[in-house]
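J.: Structure file input.txt (compact mmCIF, C-alpha atoms and all ligand atoms) is given on the next line.
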# COMPACT_ATOMS: atom_id res chain seq x y z
CA MET A 29 0.00 0.00 0.00
CA GLY A 30 1.23 3.48 -0.64
CA ASN A 31 0.45 7.09 -1.49
CA PHE A 32 -1.84 7.79 1.42
CA THR A 33 -2.28 11.47 2.19
CA THR A 34 -4.10 11.05 5.51
CA VAL A 35 -4.02 8.48 8.32
CA VAL A 36 -6.99 8.54 10.72
CA CYS A 37 -5.71 7.07 13.98
CA ASP A 38 -7.69 5.80 16.97
CA LEU A 39 -6.17 6.39 20.41
CA ASP A 40 -6.90 3.93 23.24
CA GLY A 41 -5.91 0.43 22.18
CA VAL A 42 -3.72 1.79 19.36
CA LEU A 43 -1.32 4.42 20.77
CA TYR A 44 -1.72 3.42 24.41
CA ARG A 45 -3.64 1.12 26.70
CA GLY A 46 -4.88 3.20 29.58
CA PRO A 47 -1.86 5.16 30.82
CA GLU A 48 0.70 2.79 29.24
CA PRO A 49 2.06 3.63 25.76
CA VAL A 50 2.14 0.91 23.10
CA ALA A 51 5.82 0.20 22.40
CA GLY A 52 7.04 2.08 19.32
CA ALA A 53 3.88 4.18 18.93
CA GLY A 54 5.64 7.56 19.17
CA ALA A 55 8.38 6.53 16.72
CA ALA A 56 5.76 5.26 14.23
CA LEU A 57 3.86 8.58 14.42
CA ASP A 58 7.12 10.51 13.90
CA GLU A 59 7.91 8.41 10.85
CA ILE A 60 4.43 8.86 9.34
CA ALA A 61 4.46 12.63 9.89
CA SER A 62 8.00 12.91 8.50
CA ALA A 63 6.80 11.19 5.30
CA GLY A 64 4.38 14.10 4.79
CA ILE A 65 1.26 12.12 5.69
CA ARG A 66 -1.40 14.03 7.66
CA LEU A 67 -2.25 12.38 10.97
CA LEU A 68 -5.76 12.85 12.36
CA PHE A 69 -6.51 11.48 15.83
CA ALA A 70 -10.16 10.40 16.08
CA THR A 71 -11.73 9.45 19.42
CA ASN A 72 -15.24 8.70 20.64
CA ASN A 73 -14.27 10.09 24.06
CA SER A 74 -16.37 13.26 24.49
CA THR A 75 -15.17 14.16 27.98
CA ARG A 76 -11.91 15.89 26.94
CA THR A 77 -11.32 18.96 24.76
CA ALA A 78 -9.11 18.65 21.67
CA ALA A 79 -6.27 20.40 23.55
CA GLU A 80 -6.57 17.92 26.43
CA VAL A 81 -6.54 14.96 24.02
CA ALA A 82 -3.45 16.32 22.24
CA ALA A 83 -1.72 16.70 25.61
CA VAL A 84 -2.58 13.09 26.55
CA ILE A 85 -1.15 11.81 23.25
CA GLU A 86 2.08 13.77 23.78
CA SER A 87 2.46 12.76 27.43
CA ARG A 88 2.00 9.05 26.66
CA THR A 89 3.80 8.69 23.28
CA ARG A 90 6.01 11.82 23.20
CA TYR A 91 4.64 12.59 19.72
CA PRO A 92 3.80 16.34 19.64
CA ALA A 93 0.16 16.06 18.53
CA SER A 94 -1.57 19.36 17.73
CA PRO A 95 -5.14 20.10 18.91
CA ALA A 96 -5.86 20.87 15.24
CA ASP A 97 -5.23 17.20 14.43
CA VAL A 98 -7.69 15.90 17.04
CA VAL A 99 -11.29 14.99 16.26
CA THR A 100 -13.55 14.00 19.18
CA SER A 101 -17.16 12.81 19.17
CA ALA A 102 -17.97 16.07 20.99
CA MET A 103 -16.59 18.02 17.99
CA ALA A 104 -18.57 15.81 15.58
CA THR A 105 -21.67 16.59 17.65
CA ALA A 106 -20.98 20.35 17.51
CA HIS A 107 -20.46 20.11 13.73
CA HIS A 108 -23.70 18.13 13.38
CA LEU A 109 -25.71 20.72 15.34
CA ALA A 110 -24.11 23.93 14.01
CA GLY A 111 -26.83 26.44 13.18
CA ALA A 112 -29.57 23.87 13.87
CA THR A 113 -30.47 24.48 17.51
CA LYS A 114 -31.64 27.36 19.70
CA GLY A 115 -30.62 25.66 22.93
CA VAL A 116 -29.02 22.38 24.00
CA TYR A 117 -29.52 20.63 27.36
CA VAL A 118 -26.28 18.73 27.98
CA ILE A 119 -25.60 15.49 29.82
CA GLY A 120 -21.86 14.96 29.58
CA GLY A 121 -18.40 15.17 31.05
CA ARG A 122 -16.26 18.24 31.65
CA GLY A 123 -14.98 18.66 28.06
CA LEU A 124 -18.35 18.49 26.31
CA PRO A 125 -19.92 21.89 27.17
CA PRO A 126 -16.82 23.95 26.20
CA THR A 127 -16.46 21.99 22.95
CA LEU A 128 -20.08 22.72 22.03
CA ALA A 129 -19.88 26.34 23.21
CA SER A 130 -16.68 27.08 21.27
CA ALA A 131 -18.48 25.92 18.10
CA GLY A 132 -21.26 28.45 18.80
CA ILE A 133 -23.83 25.94 20.10
CA PRO A 134 -26.04 27.64 22.73
CA ILE A 135 -26.25 25.66 26.00
CA VAL A 136 -29.25 26.01 28.33
CA GLU A 137 -29.53 25.10 32.00
CA SER A 138 -33.26 24.33 32.04
CA TRP A 139 -34.76 21.51 29.96
CA ARG A 140 -37.72 23.79 29.25
CA ASP A 141 -35.49 26.03 27.09
CA ALA A 142 -34.02 23.13 25.07
CA ASP A 143 -34.91 22.11 21.52
CA CYS A 144 -32.14 19.50 21.66
CA VAL A 145 -30.67 17.13 24.25
CA VAL A 146 -27.02 16.08 23.84
CA VAL A 147 -25.91 12.98 25.74
CA GLY A 148 -22.31 11.97 26.31
CA LEU A 149 -20.54 10.03 29.02
CA ASP A 150 -21.22 11.82 32.32
CA PRO A 151 -19.37 10.53 35.39
CA ASN A 152 -21.58 12.79 37.54
CA LEU A 153 -24.89 11.66 36.07
CA THR A 154 -27.87 11.97 38.37
CA TYR A 155 -31.44 10.74 38.12
CA GLU A 156 -32.54 14.37 38.02
CA LYS A 157 -30.51 14.99 34.84
CA LEU A 158 -31.95 11.87 33.19
CA ALA A 159 -35.45 12.99 34.19
CA ASP A 160 -34.92 16.52 32.82
CA ALA A 161 -33.51 15.19 29.53
CA THR A 162 -36.48 12.82 29.23
CA LEU A 163 -38.93 15.67 29.81
CA ALA A 164 -37.22 17.77 27.13
CA VAL A 165 -37.32 14.99 24.52
CA ARG A 166 -40.92 14.11 25.39
CA ALA A 167 -41.73 17.81 24.87
CA GLY A 168 -40.26 17.66 21.34
CA ALA A 169 -36.50 18.18 21.69
CA ARG A 170 -34.10 16.22 19.44
CA LEU A 171 -32.16 13.42 21.14
CA VAL A 172 -28.49 13.50 20.03
CA ALA A 173 -25.71 11.21 21.31
CA THR A 174 -21.99 11.96 21.15
CA ASN A 175 -21.37 8.22 20.66
CA ASP A 176 -23.01 4.89 21.37
CA ASP A 177 -20.16 2.85 22.87
CA ALA A 178 -21.92 0.52 25.32
CA THR A 179 -18.94 0.27 27.67
CA PHE A 180 -15.38 1.43 28.20
CA PRO A 181 -12.49 -0.35 29.91
CA THR A 182 -11.14 0.47 33.36
CA PRO A 183 -8.50 -1.43 35.36
CA GLN A 184 -11.38 -3.14 37.22
CA GLY A 185 -13.25 -4.14 34.05
CA LEU A 186 -15.89 -2.74 31.67
CA VAL A 187 -18.18 0.04 32.94
CA PRO A 188 -21.14 1.83 31.28
CA GLY A 189 -20.24 4.09 28.35
CA ALA A 190 -22.25 6.87 26.70
CA GLY A 191 -24.27 4.28 24.80
CA ALA A 192 -25.63 2.86 28.04
CA LEU A 193 -26.85 6.31 29.11
CA VAL A 194 -28.33 6.90 25.65
CA ALA A 195 -30.18 3.57 25.94
CA ALA A 196 -31.81 4.74 29.18
CA LEU A 197 -33.12 7.89 27.46
CA GLU A 198 -34.23 5.98 24.36
CA ARG A 199 -36.19 3.62 26.59
CA ALA A 200 -37.74 6.47 28.56
CA THR A 201 -38.68 8.53 25.48
CA ASN A 202 -39.44 5.77 22.96
CA ARG A 203 -37.20 7.64 20.51
CA ARG A 204 -33.95 6.73 18.74
CA ALA A 205 -30.96 9.03 19.21
CA GLU A 206 -29.02 10.62 16.35
CA VAL A 207 -25.49 9.33 17.01
CA CYS A 208 -22.44 11.46 16.08
CA GLY A 209 -19.25 9.49 16.91
CA LYS A 210 -17.48 6.67 15.08
CA PRO A 211 -18.72 4.97 12.87
CA HIS A 212 -21.67 7.33 12.27
CA GLU A 213 -22.12 9.96 9.56
CA PRO A 214 -21.42 13.18 11.56
CA MET A 215 -17.91 11.96 12.53
CA ARG A 216 -17.31 10.67 9.00
CA ARG A 217 -18.37 14.01 7.50
CA LEU A 218 -16.00 15.93 9.77
CA LEU A 219 -13.13 13.57 8.90
CA ARG A 220 -13.93 13.84 5.16
CA GLU A 221 -13.78 17.62 5.40
CA LEU A 222 -10.47 17.56 7.29
CA ALA A 223 -8.88 14.93 5.03
CA GLY A 224 -9.88 16.74 1.84
CA GLN A 225 -8.73 15.20 -1.44
CA GLY A 226 -6.44 12.20 -1.47
CA SER A 227 -6.56 8.70 -0.09
CA VAL A 228 -7.21 7.89 3.55
CA LEU A 229 -6.23 4.96 5.76
CA VAL A 230 -7.94 4.25 9.09
CA VAL A 231 -6.11 2.46 11.90
CA GLY A 232 -7.97 1.23 14.97
CA ASP A 233 -8.44 -1.62 17.43
CA ARG A 234 -12.24 -1.88 17.34
CA VAL A 235 -13.91 -3.33 14.25
CA GLU A 236 -17.40 -2.03 15.10
CA THR A 237 -16.31 1.60 15.34
CA ASP A 238 -12.91 2.30 13.70
CA ILE A 239 -13.02 -0.27 10.94
CA ALA A 240 -16.76 0.17 10.28
CA LEU A 241 -16.07 3.90 9.77
CA GLY A 242 -13.32 3.19 7.22
CA LEU A 243 -15.39 0.60 5.36
CA ALA A 244 -18.38 2.99 5.16
CA GLU A 245 -16.16 5.60 3.45
CA GLY A 246 -14.31 3.14 1.20
CA TRP A 247 -11.05 3.98 3.01
CA ALA A 248 -8.25 1.46 3.62
CA THR A 249 -8.38 -0.15 7.07
CA VAL A 250 -5.78 -1.56 9.46
CA VAL A 251 -6.58 -3.38 12.72
CA THR A 252 -4.00 -3.30 15.51
CA LEU A 253 -4.05 -6.22 17.93
CA THR A 254 -3.12 -4.07 20.96
CA GLY A 255 -6.78 -3.43 21.87
CA VAL A 256 -10.13 -5.18 21.87
CA SER A 257 -10.67 -6.84 18.49
CA THR A 258 -9.20 -10.19 17.42
CA PRO A 259 -7.68 -11.29 14.07
CA GLU A 260 -10.85 -13.36 13.46
CA GLU A 261 -13.08 -10.29 13.91
CA ALA A 262 -10.81 -8.24 11.62
CA GLU A 263 -11.05 -10.91 8.91
CA ARG A 264 -14.81 -11.27 9.30
CA VAL A 265 -15.46 -7.56 8.63
CA GLY A 266 -12.96 -7.44 5.76
CA ALA A 267 -10.22 -5.18 7.16
CA ASP A 268 -7.37 -4.73 4.67
CA HIS A 269 -4.56 -5.44 7.14
CA VAL A 270 -4.05 -6.82 10.62
CA VAL A 271 -0.85 -5.81 12.45
CA ALA A 272 0.54 -6.69 15.85
CA SER A 273 0.80 -2.99 16.74
CA ILE A 274 1.03 0.53 15.29
CA ALA A 275 4.79 0.07 15.22
CA ASP A 276 4.19 -1.96 12.02
CA LEU A 277 2.19 0.80 10.30
CA PRO A 278 5.11 2.54 8.51
CA LEU A 279 5.84 -0.79 6.80
CA ILE A 280 2.21 -1.07 5.65
CA LEU A 281 2.37 2.51 4.36
CA GLY A 282 5.53 1.74 2.41
CA ILE A 283 7.53 4.46 4.18
CA SER A 284 9.65 2.35 6.53
CA GLY A 285 13.20 3.55 6.56
MG MG B 1 -9.63 2.11 20.49
Could you spell out this file's structure in structure tokens?
T.:
Amino acid sequence: MGNFTTVVCDLDGVLYRGPEPVAGAGAALDEIASAGIRLLFATNNSTRTAAEVAAVIESRTRYPASPADVVTSAMATAHHLAGATKGVYVIGGRGLPPTLASAGIPIVESWRDADCVVVGLDPNLTYEKLADATLAVRAGARLVATNDDATFPTPQGLVPGAGALVAALERATNRRAEVCGKPHEPMRRLLRELAGQGSVLVVGDRVETDIALGLAEGWATVVTLTGVSTPEEAERVGADHVVASIADLPLILGISG
């Protein structure tokens, strides 16, 4: 494979696992960037701002990622809603409100003022917030999810992700959420706009998000085995390549020294 202009790279399970870097990740990113290939870092985590995500990448891999190269599901949500809402009631973590606000999305404190409810992972979720969001949607507000990941990993095991909170609201409102993160259209549209012309390769560890996104766009796909998906799952969905880790990516790209 060769002549890629953009690599869309997942984070957890590809560059690092929790706080631990994947061996060789930083060197691989350096090599890809030095070959003139644009790196975009795409994450379904909506709880951090782009600047915070870039800082995490640099602290764990030592690759100097720029906030301009980061795409979060919160940013995809802001892009999806731009100009289309008078007021959003937000359930979400610390990074979600500033990401929406900096894109010009008006945020309201009372569900009564909302024509849209945005739901992301919220570690401080309360029953009252779920009740207010339900009342807003039942009164006609749109239900929009940053992402629909059912769980996410912690050192103790899997815990509820944004998708589990979205499911509670879908059940309570009898409505289906518009979902913005990988592999859904709002995230794909934002990545298409950032990638521009030229060919794109997606690298990720989860077939149902990262690889599904690449397949939906007709982009080349690479599964790394440092995260959740297995070689069998990668083969079943038709990923182009399976590699032990991102350290093998420069070889796949035909740029290895
Ligand atoms: Mg991942």
J.: Would you name the residues within 8 Å of ligand MG 1 (chain B), counting only C-alpha atoms and all ligand atoms, and put them as a list in words?
T.: Asp38, Leu39, Asp40, Gly41, Val42, Thr71, Gly232, Asp233, Arg234, Asp238, Gly255 and Val256 of chain A
J.: I'd like the contact shell of Val228 in chain A - 6 Å cut-off, all atoms listed in the file, skipping same-chain residues fewer than 3 positions apart - returned as a ChimeraX atom specification.
T.: /A:32,34-35,247
J.: Keeping only C-alpha atoms, write the selected residues to a file as a tab-separated table (two decimals), keeping the file's coordinate frame.
T.:
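part09.tsv was written with the following content:
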chain	number	residue	atom	x	y	z
A	32	PHE	CA	-1.84	7.79	1.42
A	34	THR	CA	-4.10	11.05	5.51
A	35	VAL	CA	-4.02	8.48	8.32
A	247	TRP	CA	-11.05	3.98	3.01
J.: Enumerate, in order of chain and increasing residue number, the residues of range 82-169 of chain A with an atom no farther than 10 Å from range 190-211 of chain A, each with its shortest atom pair and distance in Å to one decimal, counting only C-alpha atoms, as a tab-separated table.
T.:
residue	atom	partner	partner_atom	distance
A:Val99	CA	A:Gly209	CA	9.7
A:Thr100	CA	A:Gly209	CA	7.6
A:Ser101	CA	A:Gly209	CA	4.5
A:Ala102	CA	A:Gly209	CA	7.8
A:Met103	CA	A:Cys208	CA	9.0
A:Ala104	CA	A:Cys208	CA	5.8
A:Thr105	CA	A:Cys208	CA	5.4
A:Ala106	CA	A:Cys208	CA	9.1
A:His107	CA	A:Cys208	CA	9.2
A:His108	CA	A:Cys208	CA	7.3
A:Leu109	CA	A:Cys208	CA	9.8
A:Ile119	CA	A:Leu193	CA	9.3
A:Gly120	CA	A:Ala190	CA	8.6
A:Val145	CA	A:Ala205	CA	9.5
A:Val146	CA	A:Ala205	CA	9.3
A:Val147	CA	A:Val194	CA	6.5
A:Gly148	CA	A:Ala190	CA	5.1
A:Leu149	CA	A:Ala190	CA	4.3
A:Asp150	CA	A:Ala190	CA	7.6
A:Pro151	CA	A:Ala190	CA	9.9
A:Leu153	CA	A:Leu193	CA	9.0
A:Leu158	CA	A:Leu197	CA	7.1
A:Ala159	CA	A:Leu197	CA	8.8
A:Ala161	CA	A:Leu197	CA	7.6
A:Thr162	CA	A:Thr201	CA	6.1
A:Leu163	CA	A:Thr201	CA	8.4
A:Ala164	CA	A:Thr201	CA	9.5
A:Val165	CA	A:Thr201	CA	6.7
A:Arg166	CA	A:Thr201	CA	6.0
A:Ala167	CA	A:Thr201	CA	9.8
J.: As an exercise, work out the distance from CA of Cys144 in chain A to CA of Leu124 in chain A in Å and give it to one decimal place.
T.: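 Atom-to-atom, CA of Cys144 in chain A to CA of Leu124 in chain A, that is 14.6 Å.
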J.: To one decimal place, how far is CA of Ala240 in chain A from CA of Leu253 in chain A in Å?
T.: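 Atom-to-atom, CA of Ala240 in chain A to CA of Leu253 in chain A, that is 16.2 Å.
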J.: Determine the nearest neighbour of Gly242 in chain A from the options A:Leu281, A:Ala61, A:Ala96, A:Ala70, counting only C-alpha atoms.
T.: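 Looking only at the distances to Gly242 in chain A, the closest residue turns out to be A:Ala70.
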J.: Give me, please, the distance in Å between CA of Ala93 in chain A and CA of Pro188 in chain A, quoted to one decimal.
T.: 28.6 Å
J.: Residues within 10 Å of Glu263 in chain A, please, as an mmCIF file with C-alpha atoms, keeping the file's coordinate frame. Count all atoms listed in the file; anything in the same chain fewer than 6 positions from it doesn't count.
T.:
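The file below, result_25.cif, is the result:
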data_model
loop_
_atom_site.group_PDB
_atom_site.id
_atom_site.type_symbol
_atom_site.label_atom_id
_atom_site.label_comp_id
_atom_site.auth_asym_id
_atom_site.auth_seq_id
_atom_site.Cartn_x
_atom_site.Cartn_y
_atom_site.Cartn_z
ATOM 1 C CA VAL A 235 -13.910 -3.330 14.250
ATOM 2 C CA VAL A 251 -6.580 -3.380 12.720
ATOM 3 C CA HIS A 269 -4.560 -5.440 7.140
ATOM 4 C CA VAL A 270 -4.050 -6.820 10.620
#
J.: Would you please work out which residue, of A:Asn31, A:Gln225, A:Thr127, A:Thr113, is nearest to Ala63 in chain A when using all atoms listed in the file?
T.: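 The shortest atom-to-atom distance to Ala63 in chain A comes from A:Asn31.
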J.: Check the smallest atom-to-atom distance from each of A:Asp97, A:Glu59, A:Asp160, A:Glu221 to Ala275 in chain A using all atoms listed in the file, then report the winner.
T.: A:Glu59
J.: Can you pull out every residue within 12 Å of Pro49 in chain A, counting all atoms listed in the file, but drop anything in the same chain fewer than 5 positions away, and send it as a list in words?
T.: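 Listing them by chain and then by number gives Leu39, Asp40, Gly41, Val42, Leu43, Tyr44, Gly54, Ala55, Val84, Ile85, Glu86, Ser87, Arg88, Thr89, Arg90, Tyr91, Thr254, Gly255, Ser273, Ile274 and Ala275 of chain A.
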J.: Kindly provide, as lines of an AutoDock Vina configuration file, the centre and edge lengths (Å, one decimal) of an axis-aligned box around all atoms of range 218-231 of chain A given in the file, with 8 Å on each side.
T.:
center_x = -11.1
center_y = 10.0
center_z = 5.2
size_x = 25.9
size_y = 31.2
size_z = 29.4
J.: So, with all atoms listed in the file as the atoms that count, which of A:Thr174, A:Ala83, A:Ala267, A:Ala131 lies closest to His212 in chain A?
T.: A:Thr174
J.: Measuring between all atoms listed in the file, which one of A:Leu171, A:Leu219, A:Ala51, A:Ala129 shows the shortest distance to Leu67 in chain A?
T.: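 Closest to Leu67 in chain A of all the choices is A:Leu219.
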J.: Between A:Leu218, A:Ile280, A:Ser94, A:Ala142, which has the minimum distance to Arg66 in chain A (counting all atoms listed in the file)?
T.: A:Ser94
